[in-house]
>>> print(open('protein.txt').read())   # compact mmCIF, C-alpha atoms and all ligand atoms
# COMPACT_ATOMS: atom_id res chain seq x y z
CA MET A 135 0.00 0.00 0.00
CA GLU A 136 1.19 3.49 -0.72
CA THR A 137 1.14 6.41 1.68
CA VAL A 138 -0.32 9.81 0.92
CA VAL A 139 0.03 12.92 3.04
CA MET A 140 -2.80 15.47 3.06
CA LYS A 141 -2.37 18.86 4.72
CA PHE A 142 -5.22 21.19 5.66
CA GLY A 143 -4.57 24.82 6.66
CA GLY A 144 -6.33 27.02 9.21
CA THR A 145 -9.27 28.14 7.08
CA SER A 146 -9.91 24.56 5.98
CA VAL A 147 -10.34 23.38 9.61
CA ALA A 148 -11.92 26.56 10.97
CA THR A 149 -15.20 24.96 12.17
CA PRO A 150 -16.35 21.54 13.42
CA GLU A 151 -18.26 21.08 10.13
CA LYS A 152 -15.11 21.70 8.13
CA ILE A 153 -13.19 19.26 10.33
CA ILE A 154 -15.78 16.58 9.58
CA GLY A 155 -15.42 17.44 5.88
CA VAL A 156 -11.64 16.90 6.16
CA ALA A 157 -12.23 13.47 7.68
CA GLU A 158 -14.61 12.57 4.84
CA ARG A 159 -12.08 13.65 2.25
CA ALA A 160 -9.34 11.59 3.90
CA ILE A 161 -11.66 8.57 4.07
CA SER A 162 -12.22 8.72 0.32
CA GLU A 163 -8.43 8.81 -0.17
CA LYS A 164 -8.10 5.68 1.97
CA GLU A 165 -10.86 3.97 0.04
CA LYS A 166 -8.66 4.29 -3.06
CA GLY A 167 -6.26 1.93 -1.29
CA ASN A 168 -3.85 4.35 0.38
CA ARG A 169 -2.47 4.71 3.87
CA VAL A 170 -3.30 8.27 4.93
CA VAL A 171 -1.48 10.80 7.07
CA ILE A 172 -3.28 14.09 7.68
CA VAL A 173 -1.39 17.16 8.86
CA VAL A 174 -3.45 20.03 10.21
CA SER A 175 -2.99 23.64 11.27
CA ALA A 176 -4.64 25.43 14.16
CA MET A 177 -8.32 26.26 13.58
CA GLY A 178 -8.98 29.54 11.75
CA LYS A 179 -7.08 32.44 13.28
CA THR A 180 -6.19 30.58 16.50
CA THR A 181 -2.45 31.18 16.17
CA ASP A 182 -3.01 34.95 15.88
CA THR A 183 -5.31 34.86 18.92
CA LEU A 184 -2.71 33.01 20.96
CA GLN A 185 -0.07 35.53 19.88
CA ALA A 186 -2.37 38.39 20.94
CA LEU A 187 -2.83 36.79 24.36
CA ALA A 188 0.91 36.75 24.89
CA ASP A 189 1.11 40.39 23.74
CA GLU A 190 -1.24 41.29 26.59
CA ILE A 191 1.16 39.81 29.11
CA THR A 192 4.46 41.11 27.78
CA ALA A 193 6.04 42.96 24.88
CA ASN A 194 9.02 40.64 24.94
CA PRO A 195 7.91 37.07 25.63
CA SER A 196 10.34 34.22 26.06
CA LYS A 197 10.65 32.41 22.73
CA ARG A 198 10.50 29.05 24.46
CA GLU A 199 7.18 29.90 26.07
CA MET A 200 5.84 31.28 22.78
CA ASP A 201 6.54 27.88 21.23
CA MET A 202 4.78 26.19 24.11
CA LEU A 203 1.78 28.50 23.65
CA LEU A 204 1.51 28.47 19.86
CA ALA A 205 1.87 24.69 19.66
CA THR A 206 -1.41 24.30 21.56
CA GLY A 207 -3.39 25.57 18.54
CA GLU A 208 -2.63 22.54 16.37
CA GLN A 209 -3.24 20.20 19.29
CA VAL A 210 -6.89 21.25 19.41
CA THR A 211 -7.38 20.41 15.75
CA ILE A 212 -5.72 16.98 15.84
CA SER A 213 -7.87 15.75 18.71
CA LEU A 214 -11.09 17.03 17.12
CA LEU A 215 -10.19 15.52 13.77
CA ALA A 216 -9.38 12.14 15.33
CA MET A 217 -12.80 12.28 17.03
CA ALA A 218 -14.44 13.09 13.69
CA PHE A 219 -12.94 9.93 12.17
CA LYS A 220 -14.34 7.88 15.04
CA THR A 221 -17.82 9.35 14.56
CA LEU A 222 -17.65 8.38 10.90
CA GLY A 223 -16.77 4.82 11.88
CA HIS A 224 -13.00 4.93 11.26
CA GLU A 225 -9.98 4.44 13.47
CA ALA A 226 -7.60 7.37 13.83
CA LEU A 227 -4.85 8.42 16.19
CA SER A 228 -3.70 11.98 16.81
CA PHE A 229 -0.03 12.83 17.30
CA THR A 230 1.66 16.00 18.50
CA GLY A 231 4.92 16.87 16.74
CA TRP A 232 7.05 15.06 19.29
CA GLN A 233 4.78 12.02 19.33
CA ALA A 234 5.18 11.87 15.56
CA GLY A 235 8.96 11.83 16.06
CA ILE A 236 9.65 15.24 14.55
CA GLU A 237 13.02 16.33 15.85
CA THR A 238 14.18 19.86 15.22
CA GLU A 239 17.16 22.09 15.87
CA SER A 240 17.01 24.21 19.04
CA VAL A 241 15.93 27.46 17.41
CA PRO A 242 12.69 28.53 19.05
CA ARG A 243 9.98 30.00 16.77
CA ASN A 244 11.83 29.15 13.58
CA ALA A 245 13.24 25.66 13.99
CA ARG A 246 14.24 23.46 11.10
CA ILE A 247 13.28 19.80 11.07
CA GLU A 248 16.45 17.72 11.43
CA HIS A 249 15.09 14.22 11.58
CA ILE A 250 11.84 12.31 11.76
CA HIS A 251 11.68 9.10 13.78
CA THR A 252 8.90 7.44 11.81
CA GLU A 253 8.51 4.18 13.77
CA ARG A 254 5.40 5.19 15.66
CA LEU A 255 3.58 6.50 12.60
CA GLU A 256 4.64 3.49 10.51
CA GLN A 257 3.26 1.20 13.19
CA ALA A 258 -0.08 3.03 13.39
CA LEU A 259 -0.39 3.15 9.59
CA SER A 260 0.33 -0.55 9.28
CA GLU A 261 -2.41 -1.22 11.82
CA GLY A 262 -4.84 0.67 9.60
CA PHE A 263 -5.17 3.91 11.54
CA PHE A 264 -5.49 7.34 9.99
CA CYS A 265 -2.57 9.28 11.46
CA VAL A 266 -3.49 12.84 12.35
CA VAL A 267 -0.37 14.95 12.98
CA ALA A 268 -0.09 18.46 14.41
CA GLY A 269 1.65 20.70 11.91
CA PHE A 270 4.11 23.48 12.72
CA GLN A 271 5.72 21.83 15.76
CA GLY A 272 8.47 19.49 16.84
CA VAL A 273 10.81 18.87 19.72
CA ASP A 274 14.50 19.62 20.10
CA ARG A 275 17.07 17.19 21.51
CA ALA A 276 16.70 18.72 24.97
CA GLY A 277 12.98 17.97 24.89
CA ASN A 278 11.72 21.52 24.35
CA ILE A 279 8.71 22.02 22.12
CA THR A 280 9.69 24.08 19.08
CA THR A 281 7.71 25.65 16.25
CA LEU A 282 8.72 25.92 12.62
CA GLY A 283 7.82 29.55 11.80
CA ARG A 284 4.46 30.92 10.67
CA GLY A 285 2.94 28.80 7.94
CA GLY A 286 5.16 25.89 8.99
CA SER A 287 2.50 23.17 8.82
CA ASP A 288 3.24 22.86 5.11
CA THR A 289 6.78 21.90 6.05
CA THR A 290 5.59 19.27 8.52
CA ALA A 291 3.51 17.72 5.75
CA VAL A 292 6.25 17.63 3.12
CA ALA A 293 8.90 16.47 5.59
CA LEU A 294 6.62 13.61 6.68
CA ALA A 295 5.92 12.74 3.04
CA ALA A 296 9.68 12.53 2.44
CA ALA A 297 10.36 10.50 5.58
CA LEU A 298 7.50 8.07 4.94
CA ASN A 299 8.39 7.81 1.27
CA ALA A 300 4.88 8.90 0.40
CA ARG A 301 3.57 8.78 -3.15
CA LYS A 302 2.41 12.40 -2.91
CA CYS A 303 1.79 15.32 -0.62
CA ASP A 304 -1.33 17.40 -1.24
CA ILE A 305 -1.65 20.81 0.38
CA TYR A 306 -5.36 21.65 0.70
CA THR A 307 -6.04 25.33 1.23
CA ASP A 308 -8.41 28.23 0.61
CA VAL A 309 -7.30 28.79 -3.00
CA ASP A 310 -7.42 26.18 -5.72
CA GLY A 311 -3.75 26.34 -6.63
CA VAL A 312 -0.68 28.48 -7.04
CA TYR A 313 -1.46 31.64 -9.00
CA THR A 314 0.75 34.00 -10.96
CA SER A 315 0.35 36.32 -7.96
CA ASP A 316 -1.78 36.51 -4.83
CA PRO A 317 -5.34 36.46 -6.25
CA ARG A 318 -6.58 38.38 -3.24
CA TYR A 319 -4.70 41.52 -4.29
CA VAL A 320 -3.73 41.21 -7.93
CA ASN A 321 -6.40 41.57 -10.57
CA GLY A 322 -6.28 38.95 -13.25
CA ALA A 323 -3.99 36.59 -11.30
CA ARG A 324 -4.16 33.23 -13.05
CA LYS A 325 -3.89 29.69 -11.76
CA LEU A 326 -0.82 27.76 -12.92
CA GLU A 327 -1.20 24.11 -13.85
CA GLN A 328 2.42 23.45 -12.99
CA ILE A 329 5.38 25.27 -11.56
CA SER A 330 8.96 24.15 -10.99
CA TYR A 331 10.40 23.62 -7.50
CA ASP A 332 12.89 26.41 -8.15
CA GLU A 333 10.33 28.98 -9.24
CA MET A 334 8.02 28.02 -6.38
CA LEU A 335 10.88 28.27 -3.91
CA GLU A 336 11.66 31.80 -5.06
CA LEU A 337 8.00 32.85 -4.95
CA ALA A 338 7.59 31.36 -1.47
CA ASN A 339 10.77 32.96 -0.18
CA LEU A 340 9.72 36.29 -1.65
CA GLY A 341 6.39 36.40 0.14
CA ALA A 342 3.84 34.24 -1.74
CA GLY A 343 2.28 32.90 1.46
CA VAL A 344 0.61 29.96 -0.24
CA LEU A 345 3.49 27.62 0.67
CA HIS A 346 6.08 27.73 3.45
CA PRO A 347 9.49 28.06 1.75
CA ARG A 348 11.02 25.17 3.68
CA ALA A 349 8.23 22.90 2.49
CA VAL A 350 9.28 23.57 -1.09
CA GLU A 351 12.93 23.02 -0.15
CA PHE A 352 12.09 19.61 1.34
CA ALA A 353 10.00 18.69 -1.69
CA LYS A 354 12.81 19.62 -4.07
CA ASN A 355 15.56 17.89 -2.11
CA ASN A 356 13.57 14.69 -1.72
CA ASN A 357 11.67 14.80 -4.99
CA VAL A 358 8.29 14.73 -3.25
CA PRO A 359 5.42 15.14 -5.72
CA LEU A 360 3.69 18.18 -4.29
CA SER A 361 0.42 19.83 -5.17
CA VAL A 362 -1.61 22.77 -3.91
CA ARG A 363 -5.36 22.43 -4.25
CA ALA A 364 -8.67 23.64 -2.86
CA SER A 365 -10.11 22.13 0.29
CA TYR A 366 -13.59 23.25 -0.89
CA SER A 367 -13.70 21.58 -4.32
CA ASP A 368 -12.40 18.60 -6.26
CA GLU A 369 -10.76 20.64 -8.96
CA ALA A 370 -7.19 19.76 -9.91
CA GLY A 371 -4.70 22.09 -8.30
CA THR A 372 -1.15 23.11 -9.19
CA ILE A 373 1.58 20.50 -9.46
CA ILE A 374 5.01 21.50 -8.22
CA GLN A 375 7.78 19.40 -9.71
CA GLU A 376 11.31 19.48 -11.10
CA VAL A 377 10.57 20.14 -14.76
CA VAL A 378 7.51 21.84 -16.15
CA THR A 379 6.14 22.52 -19.57
CA VAL A 380 5.51 26.24 -19.70
CA GLU A 381 2.12 27.11 -21.15
CA LYS A 382 3.25 30.36 -22.71
CA ASN A 383 6.75 31.45 -23.43
CA LEU A 384 6.82 33.91 -20.57
CA ILE A 385 9.97 35.32 -19.03
CA VAL A 386 8.20 36.15 -15.81
CA ARG A 387 6.09 33.41 -14.23
CA GLY A 388 4.94 35.11 -11.07
CA VAL A 389 4.92 38.25 -8.95
CA ALA A 390 5.38 38.04 -5.18
CA PHE A 391 5.34 40.70 -2.53
CA GLU A 392 6.00 41.08 1.16
CA PRO A 393 5.04 43.95 3.47
CA GLY A 394 6.73 44.87 6.75
CA ILE A 395 10.25 45.53 5.51
CA ALA A 396 12.69 47.97 7.12
CA ARG A 397 15.94 49.36 5.78
CA VAL A 398 18.87 49.80 8.14
CA THR A 399 21.79 52.02 7.19
CA VAL A 400 24.99 51.85 9.19
CA THR A 401 27.58 54.55 8.61
CA TYR A 402 31.28 54.22 9.40
CA LYS A 403 34.09 56.72 9.87
CA LYS A 404 36.37 57.50 6.98
CA PRO A 405 38.72 55.86 6.09
CA PHE A 406 37.00 52.52 6.31
CA ASN A 407 39.42 49.80 7.29
CA GLY A 408 37.13 47.35 9.06
CA SER A 409 35.22 44.40 7.73
CA LEU A 410 31.59 44.30 6.78
CA ALA A 411 31.49 40.74 8.01
CA ASN A 412 31.48 41.90 11.66
CA ILE A 413 28.00 43.29 11.55
CA PHE A 414 26.47 40.37 9.66
CA THR A 415 28.20 37.79 11.84
CA LYS A 416 26.69 39.38 14.93
CA LEU A 417 23.22 39.50 13.36
CA ALA A 418 23.50 35.87 12.25
CA GLU A 419 24.53 34.82 15.75
CA HIS A 420 21.22 36.28 16.90
CA HIS A 421 19.30 34.44 14.14
CA ILE A 422 18.30 37.66 12.40
CA ASP A 423 17.83 37.22 8.67
CA VAL A 424 19.29 39.97 6.57
CA ASP A 425 18.03 40.21 3.04
CA ILE A 426 19.30 42.75 0.51
CA ILE A 427 22.70 44.28 1.27
CA VAL A 428 24.07 47.37 -0.43
CA GLN A 429 27.55 48.60 0.43
CA SER A 430 28.73 52.04 -0.48
CA ILE A 431 32.39 53.00 -0.30
CA THR A 432 33.22 56.07 -2.37
CA ASN A 433 35.75 58.88 -2.13
CA ASP A 434 33.20 61.56 -1.37
CA PHE A 435 30.95 60.13 1.31
CA PRO A 436 31.45 58.32 4.60
CA PRO A 437 31.40 54.56 4.00
CA SER A 438 28.06 52.90 4.73
CA VAL A 439 26.17 49.69 4.38
CA SER A 440 22.39 49.38 4.02
CA PHE A 441 20.45 46.19 4.46
CA SER A 442 16.84 45.17 4.60
CA ILE A 443 15.27 43.17 7.42
CA LYS A 444 11.78 42.25 8.51
CA GLN A 445 10.32 45.14 10.48
CA ASP A 446 9.44 42.68 13.28
CA HIS A 447 13.16 42.16 13.87
CA MET A 448 13.98 45.85 14.16
CA ASP A 449 14.04 46.05 17.95
CA GLU A 450 16.35 43.09 18.09
CA VAL A 451 18.61 44.55 15.40
CA LYS A 452 18.78 47.80 17.38
CA ARG A 453 19.70 45.87 20.51
CA VAL A 454 22.44 43.91 18.76
CA LEU A 455 23.89 47.04 17.11
CA ASP A 456 23.85 48.97 20.40
CA THR A 457 25.50 46.12 22.26
CA TYR A 458 28.29 45.61 19.76
CA GLN A 459 28.81 49.16 18.48
CA SER A 460 32.46 49.32 19.49
CA ASP A 461 33.24 45.82 18.12
CA ILE A 462 31.56 46.61 14.83
CA GLY A 463 33.05 50.09 14.76
CA PHE A 464 30.29 52.17 13.21
CA VAL A 465 29.39 55.80 13.91
CA SER A 466 25.64 56.04 13.35
CA THR A 467 22.58 54.13 12.26
CA ASP A 468 19.39 55.04 10.45
CA PHE A 469 16.17 53.00 10.27
CA GLU A 470 13.53 53.43 7.60
CA VAL A 471 10.25 51.60 8.12
CA GLY A 472 7.04 51.26 6.10
CA LEU A 473 8.68 49.48 3.19
CA SER A 474 7.87 46.36 1.22
CA LYS A 475 9.53 44.04 -1.25
CA VAL A 476 8.06 43.28 -4.66
CA SER A 477 9.62 40.61 -6.87
CA ILE A 478 9.27 39.08 -10.30
CA VAL A 479 10.22 35.43 -10.71
CA GLY A 480 10.80 33.21 -13.74
CA SER A 481 13.44 30.78 -14.94
CA GLY A 482 13.32 32.40 -18.40
CA MET A 483 15.13 35.46 -17.02
CA VAL A 484 18.56 33.83 -17.16
CA SER A 485 18.69 34.23 -20.89
CA ASN A 486 16.96 37.61 -21.05
CA PRO A 487 19.11 40.57 -20.10
CA GLY A 488 17.24 43.80 -19.55
CA VAL A 489 14.43 42.35 -17.44
CA ALA A 490 15.52 44.44 -14.46
CA ALA A 491 15.74 47.59 -16.58
CA GLN A 492 12.24 46.95 -17.89
CA MET A 493 11.00 46.48 -14.34
CA PHE A 494 12.46 49.83 -13.23
CA ASP A 495 10.86 51.48 -16.22
CA ILE A 496 7.43 50.09 -15.37
CA LEU A 497 7.76 51.29 -11.78
CA ARG A 498 9.04 54.71 -12.84
CA ARG A 499 6.03 55.18 -15.08
CA GLN A 500 3.86 54.51 -12.03
CA ASP A 501 5.89 57.05 -9.97
CA ILE A 502 6.99 54.35 -7.57
CA PRO A 503 10.40 55.01 -5.98
CA VAL A 504 12.78 52.04 -5.87
CA LYS A 505 14.83 52.02 -2.66
CA MET A 506 16.89 48.84 -3.04
CA VAL A 507 17.37 46.17 -5.68
CA SER A 508 18.54 42.61 -5.73
CA THR A 509 18.76 40.19 -8.64
CA SER A 510 19.48 36.52 -9.18
CA GLU A 511 19.26 34.25 -12.20
CA ILE A 512 15.53 33.78 -11.75
CA LYS A 513 14.27 36.85 -9.93
CA VAL A 514 14.47 40.60 -9.51
CA SER A 515 13.36 42.15 -6.22
CA VAL A 516 12.86 45.79 -5.39
CA VAL A 517 12.18 47.49 -2.09
CA VAL A 518 9.41 50.08 -2.47
CA PRO A 519 7.16 51.97 -0.03
CA GLU A 520 4.59 49.66 1.51
CA ASN A 521 1.81 52.00 0.30
CA ASP A 522 2.87 51.24 -3.26
CA MET A 523 3.19 47.47 -2.83
CA HIS A 524 -0.10 46.34 -4.37
CA LYS A 525 0.08 49.01 -7.08
CA SER A 526 3.57 47.79 -8.04
CA ALA A 527 2.50 44.14 -8.07
CA ASN A 528 -0.54 44.88 -10.24
CA ALA A 529 1.47 46.98 -12.68
CA LEU A 530 4.19 44.34 -13.06
CA HIS A 531 1.66 41.53 -13.37
CA GLU A 532 -0.07 43.36 -16.19
CA GLU A 533 3.04 44.58 -18.02
CA TYR A 534 4.61 41.12 -18.07
CA GLY A 535 1.47 39.66 -19.62
CA LEU A 536 0.62 37.29 -16.80
CA GLU A 537 -3.13 37.76 -16.99
P1 LIG A 601 -3.43 27.88 4.82
O1 LIG A 601 -4.03 28.41 6.07
O2 LIG A 601 -4.29 26.86 4.14
O3 LIG A 601 -2.02 27.41 4.99
P2 LIG A 601 -2.48 30.35 3.67
O4 LIG A 601 -3.25 31.55 4.04
O5 LIG A 601 -1.21 30.09 4.36
O6 LIG A 601 -3.45 29.08 3.79
O7 LIG A 601 -2.18 30.33 2.09
C1 LIG A 601 -3.21 30.56 1.15
C2 LIG A 601 -3.24 32.03 0.75
O8 LIG A 601 -2.03 32.34 0.09
C3 LIG A 601 -4.30 32.37 -0.25
O9 LIG A 601 -5.52 32.69 0.37
C4 LIG A 601 -3.71 33.56 -1.02
O10 LIG A 601 -4.27 34.79 -0.61
C5 LIG A 601 -2.25 33.56 -0.61
N1 LIG A 601 -1.33 33.63 -1.76
C6 LIG A 601 -0.24 34.43 -1.85
N2 LIG A 601 0.38 34.28 -3.00
C7 LIG A 601 -0.30 33.35 -3.71
C8 LIG A 601 -0.13 32.75 -4.99
N3 LIG A 601 0.88 33.08 -5.79
N4 LIG A 601 -1.03 31.82 -5.37
C9 LIG A 601 -2.05 31.45 -4.58
N5 LIG A 601 -2.26 31.99 -3.35
C10 LIG A 601 -1.40 32.92 -2.90
N1 LIG A 602 -0.81 27.68 12.73
C1 LIG A 602 0.47 28.14 12.22
C2 LIG A 602 0.30 29.54 11.64
O1 LIG A 602 -0.78 30.08 11.65
C3 LIG A 602 1.08 27.21 11.25
C4 LIG A 602 0.34 27.00 9.96
O2 LIG A 602 -0.85 27.31 9.86
O3 LIG A 602 0.95 26.52 9.01
O4 LIG A 602 1.25 30.10 11.19
MG MG A 603 -0.20 28.40 5.05
>>> encode(input="protein.txt", output="structure tokens", more="lines below")
Ligand code: ADP
Ligand code: ASP
Ligand code: MG
Amino acid sequence: METVVMKFGGTSVATPEKIIGVAERAISEKEKGNRVVIVVSAMGKTTDTLQALADEITANPSKREMDMLLATGEQVTISLLAMAFKTLGHEALSFTGWQAGIETESVPRNARIEHIHTERLEQALSEGFFCVVAGFQGVDRAGNITTLGRGGSDTTAVALAAALNARKCDIYTDVDGVYTSDPRYVNGARKLEQISYDEMLELANLGAGVLHPRAVEFAKNNNVPLSVRASYSDEAGTIIQEVVTVEKNLIVRGVAFEPGIARVTVTYKKPFNGSLANIFTKLAEHHIDVDIIVQSITNDFPPSVSFSIKQDHMDEVKRVLDTYQSDIGFVSTDFEVGLSKVSIVGSGMVSNPGVAAQMFDILRRQDIPVKMVSTSEIKVSVVVPENDMHKSANALHEEYGLE
């Protein structure tokens, strides 16, 4: 018998009725002759509500306790779903992350899965149970509950699919596939039948919230057949795989965007004889992701380096910079908030110079100021004011003919 992994996100398990619907859907998958693992998220907006509760207690909660708190959301769903199976006359067992053997590194709130001890799930599956697993959580070697970062249930599902050698992993959600851009904000966004792991990875990393980036990474590294599809209909979704046949010969395949970006500028004394590495080593030691980096060393101005971070990390960045000012050796800092990142993605860009120039031209015609730029073989990202984020995405989507 083959194993399939089905993952249902928050909206898809938001009510008891929807949870019963999930059980029914999984039962029909089993009736096709499969062993079924179901990974679920917390119901509806539970994770946000839990976060808000913590905010009422403290502005700076312990990360370990945040993991403990947030992990409870998924635990509610797994028990209810296991009960739903029972009511429908089927045997199911619920598993928290640690019960499912999901071992992670010790990085609270953003842990990576390091290993999955599959024995317990294998046993339950071989005995005919539906295995219902809490997404988004695991346990580190010291026995602390960890979480995988917001949206991390996708990663639980794909990692389990890889570890159990599943035939496929289906991500059921509130859209019926991966679109050329977020259909909630971009007019004319179009569903893709297929997309490559690499393009999907870029889109996910650049803010397309439909899949957690690490889920795509796992799928690519382990060749897990992955699809995104609707939890509310039977329509075929989007297949994510190594090689795809592109429907149209488009250079750009998708537009992604991410709000809540801040730009930090650190200025040094002239002449600059230090190393830029100091600052980024310190930030990395504190698990702060730095995105676009622009260094400026000219004859006329004091040397400086600007980099973009998530606005949520700003207080921590300020703390780290204050603490290590003399080690890093800078003179002043400047923080600009209210920014966003808008990106175009497509593997056809490699062979098409001038894509970036065209992108700047489109944005200039819309009077949108570009604050930072970064390019790779398959994407161009710009930092623009957050107020212009949707306008930029819509303009790029239209100009690149994605509709
Ligand atoms: P779930 O709770 O099921 O994990 P998410 O909210 O995490 O669902 O992801 C689904 C949402 O992702 C959609 O409602 C859509 O607004 C958003 N989204 C962003 N970019 C895209 C895209 N390129 N294609 C489809 N959906 C996208
Ligand atoms: N419940 C978590 C979140 O809201 C994980 C997930 O849904 O994937 O981020
Ligand atoms: Mg999600």
>>> residues_near_ligand(input="protein.txt", ligand="ligand LIG 601 (chain A)", cutoff="10 Å", atoms="all atoms listed in the file", output="ChimeraX atom specification")
/A:141-148,174-179,284-288,305-320,323-326,334,337-338,340-346,362-365,372,387-392
>>> atom_distance(input="protein.txt", atom1="CA of Ala291 in chain A", atom2="CA of Ala370 in chain A")
19.1 Å
>>> closest_residue(input="protein.txt", among="A:Ile462, A:Ser260, A:Ser477, A:Asn299", to="Asn357 in chain A", atoms="only C-alpha atoms")
A:Asn299
>>> residues_around(input="protein.txt", residues="Arg275 in chain A", least_positions_apart="4", cutoff="12 Å", atoms="all atoms listed in the file", output="ChimeraX atom specification")
/A:232,235-241,245,247-249,279-280
>>> write_last_selection(input="protein.txt", atoms="C-alpha atoms", output="short mmCIF file (atom, residue, chain, number, x, y, z; two decimals), keeping the file's coordinate frame")
data_model
loop_
_atom_site.label_atom_id
_atom_site.label_comp_id
_atom_site.auth_asym_id
_atom_site.auth_seq_id
_atom_site.Cartn_x
_atom_site.Cartn_y
_atom_site.Cartn_z
CA TRP A 232 7.05 15.06 19.29
CA GLY A 235 8.96 11.83 16.06
CA ILE A 236 9.65 15.24 14.55
CA GLU A 237 13.02 16.33 15.85
CA THR A 238 14.18 19.86 15.22
CA GLU A 239 17.16 22.09 15.87
CA SER A 240 17.01 24.21 19.04
CA VAL A 241 15.93 27.46 17.41
CA ALA A 245 13.24 25.66 13.99
CA ILE A 247 13.28 19.80 11.07
CA GLU A 248 16.45 17.72 11.43
CA HIS A 249 15.09 14.22 11.58
CA ILE A 279 8.71 22.02 22.12
CA THR A 280 9.69 24.08 19.08
#
>>> closest_residue(input="protein.txt", among="A:Tyr331, A:Phe441, A:Phe270, A:Phe352", to="ligand MG 603 (chain A)", atoms="all atoms listed in the file")
A:Phe270
>>> atom_distance(input="protein.txt", atom1="CA of Pro393 in chain A", atom2="CA of Pro519 in chain A")
9.0 Å
>>> atom_distance(input="protein.txt", atom1="CA of Gly394 in chain A", atom2="CA of Ser474 in chain A")
5.8 Å
>>> residues_around(input="protein.txt", residues="Leu384 in chain A", least_positions_apart="5", cutoff="12 Å", atoms="all atoms listed in the file", output="PyMOL selection string")
chain A and resi 314+379+478-483+485-486+489+531+533-537
>>> closest_residue(input="protein.txt", among="A:Glu151, A:Glu165, A:Gln233, A:Thr206", to="ligand LIG 602 (chain A)", atoms="only C-alpha atoms and all ligand atoms")
A:Thr206
>>> closest_residue(input="protein.txt", among="A:Val400, A:Ile374, A:Leu184, A:Leu227", to="ligand LIG 602 (chain A)", atoms="all atoms listed in the file")
A:Leu184
>>> closest_residue(input="protein.txt", among="A:Arg254, A:Arg348, A:Arg169, A:Lys152", to="ligand LIG 602 (chain A)", atoms="only C-alpha atoms and all ligand atoms")
A:Arg348
>>> closest_residue(input="protein.txt", among="A:Ile502, A:Ser510, A:Leu222, A:Pro347", to="ligand MG 603 (chain A)", atoms="all atoms listed in the file")
A:Pro347
>>> residues_around(input="protein.txt", residues="Leu473 in chain A", least_positions_apart="2", cutoff="9 Å", atoms="all atoms listed in the file", output="ChimeraX atom specification")
/A:393-397,445,470-471,475,505,517-523
>>> residues_around(input="protein.txt", residues="Asp182 in chain A", least_positions_apart="4", cutoff="9 Å", atoms="all atoms listed in the file", output="ChimeraX atom specification")
/A:186-187,204
>>> decode(input="protein.txt", residues="range 371-379 of chain A", atoms="N, CA, C and O atoms", output="CSV table (one decimal), in the first residue's frame")
chain,number,residue,atom,x,y,z
A,371,GLY,N,-5.4,20.9,-8.8
A,371,GLY,CA,-4.7,22.1,-8.3
A,371,GLY,C,-3.5,22.4,-9.2
A,371,GLY,O,-3.5,22.1,-10.4
A,372,THR,N,-2.4,22.9,-8.5
A,372,THR,CA,-1.2,23.1,-9.2
A,372,THR,C,-0.2,22.0,-8.8
A,372,THR,O,0.0,21.8,-7.6
A,373,ILE,N,0.5,21.5,-9.8
A,373,ILE,CA,1.6,20.5,-9.5
A,373,ILE,C,2.9,21.2,-9.4
A,373,ILE,O,3.3,22.0,-10.3
A,374,ILE,N,3.7,20.9,-8.3
A,374,ILE,CA,5.0,21.5,-8.2
A,374,ILE,C,6.0,20.4,-8.4
A,374,ILE,O,6.0,19.4,-7.7
A,375,GLN,N,6.8,20.5,-9.4
A,375,GLN,CA,7.8,19.4,-9.7
A,375,GLN,C,9.1,20.0,-10.3
A,375,GLN,O,9.2,21.2,-10.5
A,376,GLU,N,10.0,19.0,-10.6
A,376,GLU,CA,11.3,19.5,-11.1
A,376,GLU,C,11.2,20.2,-12.5
A,376,GLU,O,11.7,21.3,-12.6
A,377,VAL,N,10.6,19.6,-13.4
A,377,VAL,CA,10.6,20.1,-14.8
A,377,VAL,C,9.1,20.4,-15.1
A,377,VAL,O,8.3,19.6,-14.9
A,378,VAL,N,8.9,21.6,-15.7
A,378,VAL,CA,7.5,21.8,-16.1
A,378,VAL,C,7.5,22.2,-17.6
A,378,VAL,O,8.5,22.7,-18.2
A,379,THR,N,6.3,22.0,-18.2
A,379,THR,CA,6.1,22.5,-19.6
A,379,THR,C,5.4,23.9,-19.4
A,379,THR,O,4.3,23.9,-18.8
